Amino acid sequence: MAAAPVTLELGDVQGLVARGYGALSAASFFLLGLEDGAAARRWLASVVDSVTSGDTRPEEQAVNIAFTSLGLSRLGVTDEILQQFSNEFVHGMTTEHRRRSLGDVGESAPEHWDWGGPSTPPVGAVLLLYARDAAALAGLLEQQSRLLVEAGVEVQRKLDTSNLDGFEPFGFRDGISQPFVEGLAKEGPPGQTVRAGEFVLGYVNEHGHLTDEPLLETIGRNGSYLVFRQLEQDVRGFWRYIDSAVPHPAERTRLASKMVGRWPGGAPLALSPERDDPSLAEANDFGYFHEDPVGTGCPVGAHVRRTNPRDSLDPSPGTDKSLAINRRHRLLRRGREYGQALSPDAALTESLAPDEERGLHFICLNANIARQFEFVQATWLNSPKFAALYDDSDPLVGQSEPFGGTFTMPSASVRHRVTGMPRFIKVRGGAYFFLPGLTALRRLAGL
């Protein structure tokens, strides 16, 4: 029986759930400690009316707020209520078993993080600020900084972003494969439309159940869990490895695209295996089982095929059952890049100056951290056995210690493998946050 259409209470949902603010090209994020609970409540009361809701489409600016479990505690949420939140949120991203499953080891271990780790001040909240352009963002930053100072809340760290015109720092179009969410205005194919409860608490999820939520008089309803990880990308290292792994410079883009699963312009290799096709730059309505079952176009270990396997999952690849399993592990991505663009040719040019840091502020929303973000990271990205592979983890973000990673590319005759891949992405910080609904924010301000 088909489920009844859901009506999301968008006026009570924070706007970041409904949209990624693509028209607001400038953004900065404030990490807050909230050491003084009374000061934190004063600040929240002063800013809550300016928080952007999901029923608006802002053209000038947007403000959203999320809290760690420590931040909620400092606001006055009791331990009894905190224990009703998910275990992953309560205990955080840096527990011993979690850092192993997420691949936060070696240089990416929390001990080396710039924020969110055991050797840095504990984070209580993140204030996410978006504006039309740099000038508008400067005004918004000044306004919000003044409210923080007046309330006595200190900014631990300011995370800036860059506008790379829809491309991530390695040089590939980003943000294409977003799920369609039930109850939002933008409709999509049924196989790619995900139940609202996968992203917002208080609604039915893909299992047909309400996702667990804390019950302090609606503190959980219309909220979502926000995963934030600062990922530094070694763009020079990436293109230098690519250059060393191919016999001819003309093959650089092909190998890099095989690792990503899309051409730099965005066309999926499953649909256009031989060349970048501008007409397919944002193509998203396709599967792998029928178009490219063994990965001769898009290798099964490619980054985008791991993060969204579409219809290729067991036990019934190519069917609605496979798509149903995939929908249980989708993420709403809301990340922003930082640092300046660096072309492949420039990356291969020797430079004596210290390289500028560049990367991605990875932000995603989900209602079940374990079944969504952590499952994708540990089971699909980090696993060397994904899709019957032998020793290949994700070529972009997977673990490669201690001997370097392997990437396999099937073909109609003999498969090709590249080996000894270093890790191109290093984790610089991270935390699990809760993004409350507007009613819950007002309740938290008055605790």
# chains A, B, ... in the order shown; residues from 1 in each chain; ligands from 1
call {"tool": "closest_atom_pairs", "arguments": {"of": "region 41-81 of chain A", "to": "region 17-35 of chain A", "cutoff": "10 Å", "atoms": "only C-alpha atoms", "output": "CSV"}}
result
residue,atom,partner,partner_atom,distance
A:Arg41,CA,A:Leu34,CA,9.0
A:Trp43,CA,A:Leu34,CA,9.6
A:Ser53,CA,A:Ala18,CA,8.5
A:Gly54,CA,A:Ala18,CA,5.3
A:Asp55,CA,A:Ala18,CA,8.0
A:Thr56,CA,A:Ala18,CA,9.1
A:Arg57,CA,A:Tyr21,CA,8.2
A:Pro58,CA,A:Tyr21,CA,7.7
A:Glu59,CA,A:Ala23,CA,6.7
A:Glu60,CA,A:Leu24,CA,7.0
A:Gln61,CA,A:Leu24,CA,6.8
A:Ala62,CA,A:Tyr21,CA,8.0
A:Val63,CA,A:Ala27,CA,10.0
A:Asn64,CA,A:Phe29,CA,9.7
A:Ile65,CA,A:Phe30,CA,9.7
A:Ala66,CA,A:Leu31,CA,10.0
A:Phe67,CA,A:Leu32,CA,9.2
A:Thr68,CA,A:Gly33,CA,9.8
A:Leu70,CA,A:Leu34,CA,8.8
A:Gly71,CA,A:Leu34,CA,6.3
A:Leu72,CA,A:Leu34,CA,9.3
A:Ser73,CA,A:Leu34,CA,9.8
A:Arg74,CA,A:Leu34,CA,6.8
A:Leu75,CA,A:Leu34,CA,8.0
call {"tool": "select_by_dssp", "arguments": {"residues": "region 69-159 of chain A", "states": "helix (DSSP H, G or I)", "output": "number ranges by chain"}}
result
A: 69-75, 79-82, 87-91, 96-102, 106-108, 110-112, 134-151
call {"tool": "select_by_dssp", "arguments": {"residues": "region 206-303 of chain A", "states": "strand (DSSP E)", "output": "list of chain:residue names"}}
result
A:Ser224, A:Tyr225, A:Leu226, A:Val227, A:Phe228, A:Arg229, A:Gln230, A:Leu231, A:Glu232, A:Gln233
call {"tool": "residues_around", "arguments": {"residues": "region 80-89 of chain A", "least_positions_apart": "6", "cutoff": "10 Å", "atoms": "only C-alpha atoms", "output": "PyMOL selection string"}}
result
chain A and resi 68-70+72-73+95+98+212-216+219-220+225-227+367-370+374+431-434
call {"tool": "closest_residue", "arguments": {"among": "A:Val414, A:Val6, A:Arg236, A:Arg173", "to": "Ser351 (chain A)", "atoms": "only C-alpha atoms"}}
result
A:Arg236
call {"tool": "closest_residue", "arguments": {"among": "A:Leu313, A:Ile363, A:Ala353, A:Ala138", "to": "Arg333 (chain A)", "atoms": "only C-alpha atoms"}}
result
A:Ile363
call {"tool": "residues_around", "arguments": {"residues": "region 324-328 of chain A", "least_positions_apart": "6", "cutoff": "9 Å", "atoms": "only C-alpha atoms", "output": "list in words"}}
result
Pro179, Gly191, Gln192, Thr193, Val194, Arg195, Glu198, Asn205, Glu206, His207, Asn308, Pro309, Arg310, Asp311, Ser312, Leu313, Asp314, Arg371 and Gln372 of chain A
call {"tool": "atom_distance", "arguments": {"atom1": "CA of Phe167 (chain A)", "atom2": "CA of Gly261 (chain A)"}}
result
14.6 Å
call {"tool": "atom_distance", "arguments": {"atom1": "CA of Gly175 (chain A)", "atom2": "CA of His361 (chain A)"}}
result
13.0 Å
call {"tool": "closest_residue", "arguments": {"among": "A:Ser257, A:Asn222, A:Thr161, A:Ser316", "to": "Thr7 (chain A)", "atoms": "only C-alpha atoms"}}
result
A:Asn222
call {"tool": "residues_around", "arguments": {"residues": "Tyr390 (chain A)", "least_positions_apart": "2", "cutoff": "12 Å", "atoms": "only C-alpha atoms", "output": "ChimeraX atom specification"}}
result
/A:300-301,383-388,392-393,405-408,417
call {"tool": "write_last_selection", "arguments": {"atoms": "all heavy atoms", "output": "CSV table (one decimal), in the first residue's frame"}}
result
chain,number,residue,atom,x,y,z
A,300,VAL,N,33.4,0.0,-10.1
A,300,VAL,CA,32.5,-0.2,-8.9
A,300,VAL,C,33.1,0.5,-7.7
A,300,VAL,O,32.4,0.8,-6.7
A,300,VAL,CB,32.3,-1.7,-8.7
A,300,VAL,CG1,31.4,-2.3,-9.8
A,300,VAL,CG2,33.6,-2.4,-8.5
A,301,GLY,N,34.4,0.7,-7.7
A,301,GLY,CA,35.1,1.3,-6.5
A,301,GLY,C,35.2,2.8,-6.6
A,301,GLY,O,35.8,3.4,-5.7
A,383,SER,N,35.6,0.4,3.4
A,383,SER,CA,35.8,-1.0,3.3
A,383,SER,C,36.5,-1.4,2.0
A,383,SER,O,36.1,-1.1,0.9
A,383,SER,CB,34.4,-1.7,3.3
A,383,SER,OG,34.5,-3.1,3.0
A,384,PRO,N,37.6,-2.2,2.2
A,384,PRO,CA,38.3,-2.7,1.0
A,384,PRO,C,37.6,-3.8,0.2
A,384,PRO,O,37.9,-4.2,-0.9
A,384,PRO,CB,39.6,-3.2,1.6
A,384,PRO,CG,39.3,-3.6,3.0
A,384,PRO,CD,38.2,-2.6,3.4
A,385,LYS,N,36.5,-4.3,0.8
A,385,LYS,CA,35.7,-5.4,0.2
A,385,LYS,C,34.4,-5.0,-0.4
A,385,LYS,O,33.6,-5.8,-0.7
A,385,LYS,CB,35.4,-6.5,1.3
A,385,LYS,CG,36.6,-6.9,2.2
A,385,LYS,CD,37.7,-7.6,1.3
A,385,LYS,CE,38.8,-8.1,2.2
A,385,LYS,NZ,39.9,-8.6,1.4
A,386,PHE,N,34.2,-3.6,-0.5
A,386,PHE,CA,33.0,-3.1,-1.1
A,386,PHE,C,32.7,-3.7,-2.5
A,386,PHE,O,33.6,-3.8,-3.3
A,386,PHE,CB,33.1,-1.6,-1.2
A,386,PHE,CG,31.9,-1.0,-1.9
A,386,PHE,CD1,30.7,-0.8,-1.3
A,386,PHE,CD2,32.0,-0.6,-3.2
A,386,PHE,CE1,29.7,-0.2,-1.9
A,386,PHE,CE2,31.0,0.0,-3.9
A,386,PHE,CZ,29.8,0.2,-3.2
A,387,ALA,N,31.5,-4.2,-2.7
A,387,ALA,CA,31.1,-4.7,-4.0
A,387,ALA,C,32.0,-5.8,-4.5
A,387,ALA,O,32.4,-5.8,-5.7
A,387,ALA,CB,31.0,-3.6,-5.0
A,388,ALA,N,32.5,-6.7,-3.6
A,388,ALA,CA,33.3,-7.9,-4.0
A,388,ALA,C,34.7,-7.5,-4.4
A,388,ALA,O,35.4,-8.3,-5.0
A,388,ALA,CB,32.6,-8.7,-5.1
A,392,ASP,N,40.5,-2.6,-2.2
A,392,ASP,CA,40.3,-1.2,-2.6
A,392,ASP,C,39.4,-0.5,-1.7
A,392,ASP,O,38.2,-0.9,-1.5
A,392,ASP,CB,39.6,-1.2,-4.0
A,392,ASP,CG,40.5,-1.8,-5.1
A,392,ASP,OD1,41.3,-2.7,-4.8
A,392,ASP,OD2,40.3,-1.4,-6.3
A,393,SER,N,39.9,0.5,-1.0
A,393,SER,CA,39.0,1.4,-0.3
A,393,SER,C,38.7,2.6,-1.2
A,393,SER,O,39.2,2.7,-2.4
A,393,SER,CB,39.6,1.9,1.0
A,393,SER,OG,40.8,2.6,0.8
A,405,GLY,N,46.9,2.9,-1.1
A,405,GLY,CA,45.7,2.3,-1.6
A,405,GLY,C,45.8,1.7,-3.0
A,405,GLY,O,46.7,2.0,-3.7
A,406,THR,N,44.8,0.9,-3.3
A,406,THR,CA,44.7,0.3,-4.6
A,406,THR,C,43.3,0.7,-5.3
A,406,THR,O,42.3,0.8,-4.6
A,406,THR,CB,44.8,-1.2,-4.5
A,406,THR,OG1,46.0,-1.6,-3.9
A,406,THR,CG2,44.6,-1.9,-5.9
A,407,PHE,N,43.4,0.9,-6.6
A,407,PHE,CA,42.2,1.2,-7.3
A,407,PHE,C,42.1,0.4,-8.6
A,407,PHE,O,43.0,0.3,-9.4
A,407,PHE,CB,42.1,2.7,-7.7
A,407,PHE,CG,40.9,3.1,-8.4
A,407,PHE,CD1,39.6,3.0,-7.9
A,407,PHE,CD2,41.0,3.6,-9.7
A,407,PHE,CE1,38.5,3.3,-8.5
A,407,PHE,CE2,39.8,4.0,-10.4
A,407,PHE,CZ,38.6,3.9,-9.8
A,408,THR,N,41.0,-0.4,-8.7
A,408,THR,CA,40.8,-1.3,-9.8
A,408,THR,C,39.8,-0.8,-10.8
A,408,THR,O,38.7,-0.3,-10.5
A,408,THR,CB,40.3,-2.7,-9.3
A,408,THR,OG1,41.2,-3.1,-8.3
A,408,THR,CG2,40.2,-3.7,-10.4
A,417,ARG,N,44.9,-1.8,-12.7
A,417,ARG,CA,45.0,-1.4,-11.3
A,417,ARG,C,46.1,-0.4,-11.1
A,417,ARG,O,47.2,-0.5,-11.7
A,417,ARG,CB,45.3,-2.6,-10.4
A,417,ARG,CG,44.3,-3.8,-10.5
A,417,ARG,CD,44.6,-4.9,-9.6
A,417,ARG,NE,44.0,-4.6,-8.3
A,417,ARG,CZ,44.5,-5.2,-7.1
A,417,ARG,NH1,45.5,-6.0,-7.2
A,417,ARG,NH2,43.9,-5.0,-6.0
call {"tool": "atom_distance", "arguments": {"atom1": "CA of Phe424 (chain A)", "atom2": "CA of Asp234 (chain A)"}}
result
5.1 Å
call {"tool": "closest_residue", "arguments": {"among": "A:Thr296, A:Thr120, A:Asn382, A:Gln144", "to": "Arg99 (chain A)", "atoms": "only C-alpha atoms"}}
result
A:Asn382
call {"tool": "residues_around", "arguments": {"residues": "Ser224 (chain A)", "least_positions_apart": "3", "cutoff": "7 Å", "atoms": "only C-alpha atoms", "output": "list in words"}}
result
Phe199, Val200, Leu201, Leu365, Asn366, Ala367, Phe434, Leu435 and Pro436 of chain A
call {"tool": "write_last_selection", "arguments": {"atoms": "N, CA and C atoms", "output": "mmCIF file, in the first residue's frame"}}
result
data_model
loop_
_atom_site.group_PDB
_atom_site.id
_atom_site.type_symbol
_atom_site.label_atom_id
_atom_site.label_comp_id
_atom_site.auth_asym_id
_atom_site.auth_seq_id
_atom_site.Cartn_x
_atom_site.Cartn_y
_atom_site.Cartn_z
ATOM 1 N N PHE A 199 15.545 12.246 7.348
ATOM 2 C CA PHE A 199 16.304 13.473 7.577
ATOM 3 C C PHE A 199 15.739 14.341 8.696
ATOM 4 N N VAL A 200 14.454 14.187 9.002
ATOM 5 C CA VAL A 200 13.812 15.040 9.999
ATOM 6 C C VAL A 200 13.131 14.168 11.042
ATOM 7 N N LEU A 201 13.385 14.443 12.309
ATOM 8 C CA LEU A 201 12.778 13.665 13.387
ATOM 9 C C LEU A 201 11.295 13.997 13.509
ATOM 10 N N LEU A 365 23.132 16.169 6.655
ATOM 11 C CA LEU A 365 22.004 16.026 7.563
ATOM 12 C C LEU A 365 21.438 14.623 7.439
ATOM 13 N N ASN A 366 21.100 14.030 8.585
ATOM 14 C CA ASN A 366 20.475 12.707 8.613
ATOM 15 C C ASN A 366 19.771 12.527 9.949
ATOM 16 N N ALA A 367 18.804 11.644 9.972
ATOM 17 C CA ALA A 367 18.059 11.395 11.206
ATOM 18 C C ALA A 367 18.634 10.243 12.007
ATOM 19 N N PHE A 434 23.228 18.641 16.747
ATOM 20 C CA PHE A 434 21.783 18.509 16.575
ATOM 21 C C PHE A 434 21.244 19.848 16.123
ATOM 22 N N LEU A 435 20.487 19.839 15.029
ATOM 23 C CA LEU A 435 19.895 21.038 14.434
ATOM 24 C C LEU A 435 18.425 21.079 14.853
ATOM 25 N N PRO A 436 18.075 21.792 15.917
ATOM 26 C CA PRO A 436 16.696 21.750 16.416
ATOM 27 C C PRO A 436 15.728 22.477 15.495
#
call {"tool": "residues_around", "arguments": {"residues": "Val397 (chain A)", "least_positions_apart": "6", "cutoff": "12 Å", "atoms": "only C-alpha atoms", "output": "ChimeraX atom specification"}}
result
/A:102-104,108,231-234,238,259-260,301-304,306-307,359-360,362,376-378,380-383,405,421-427
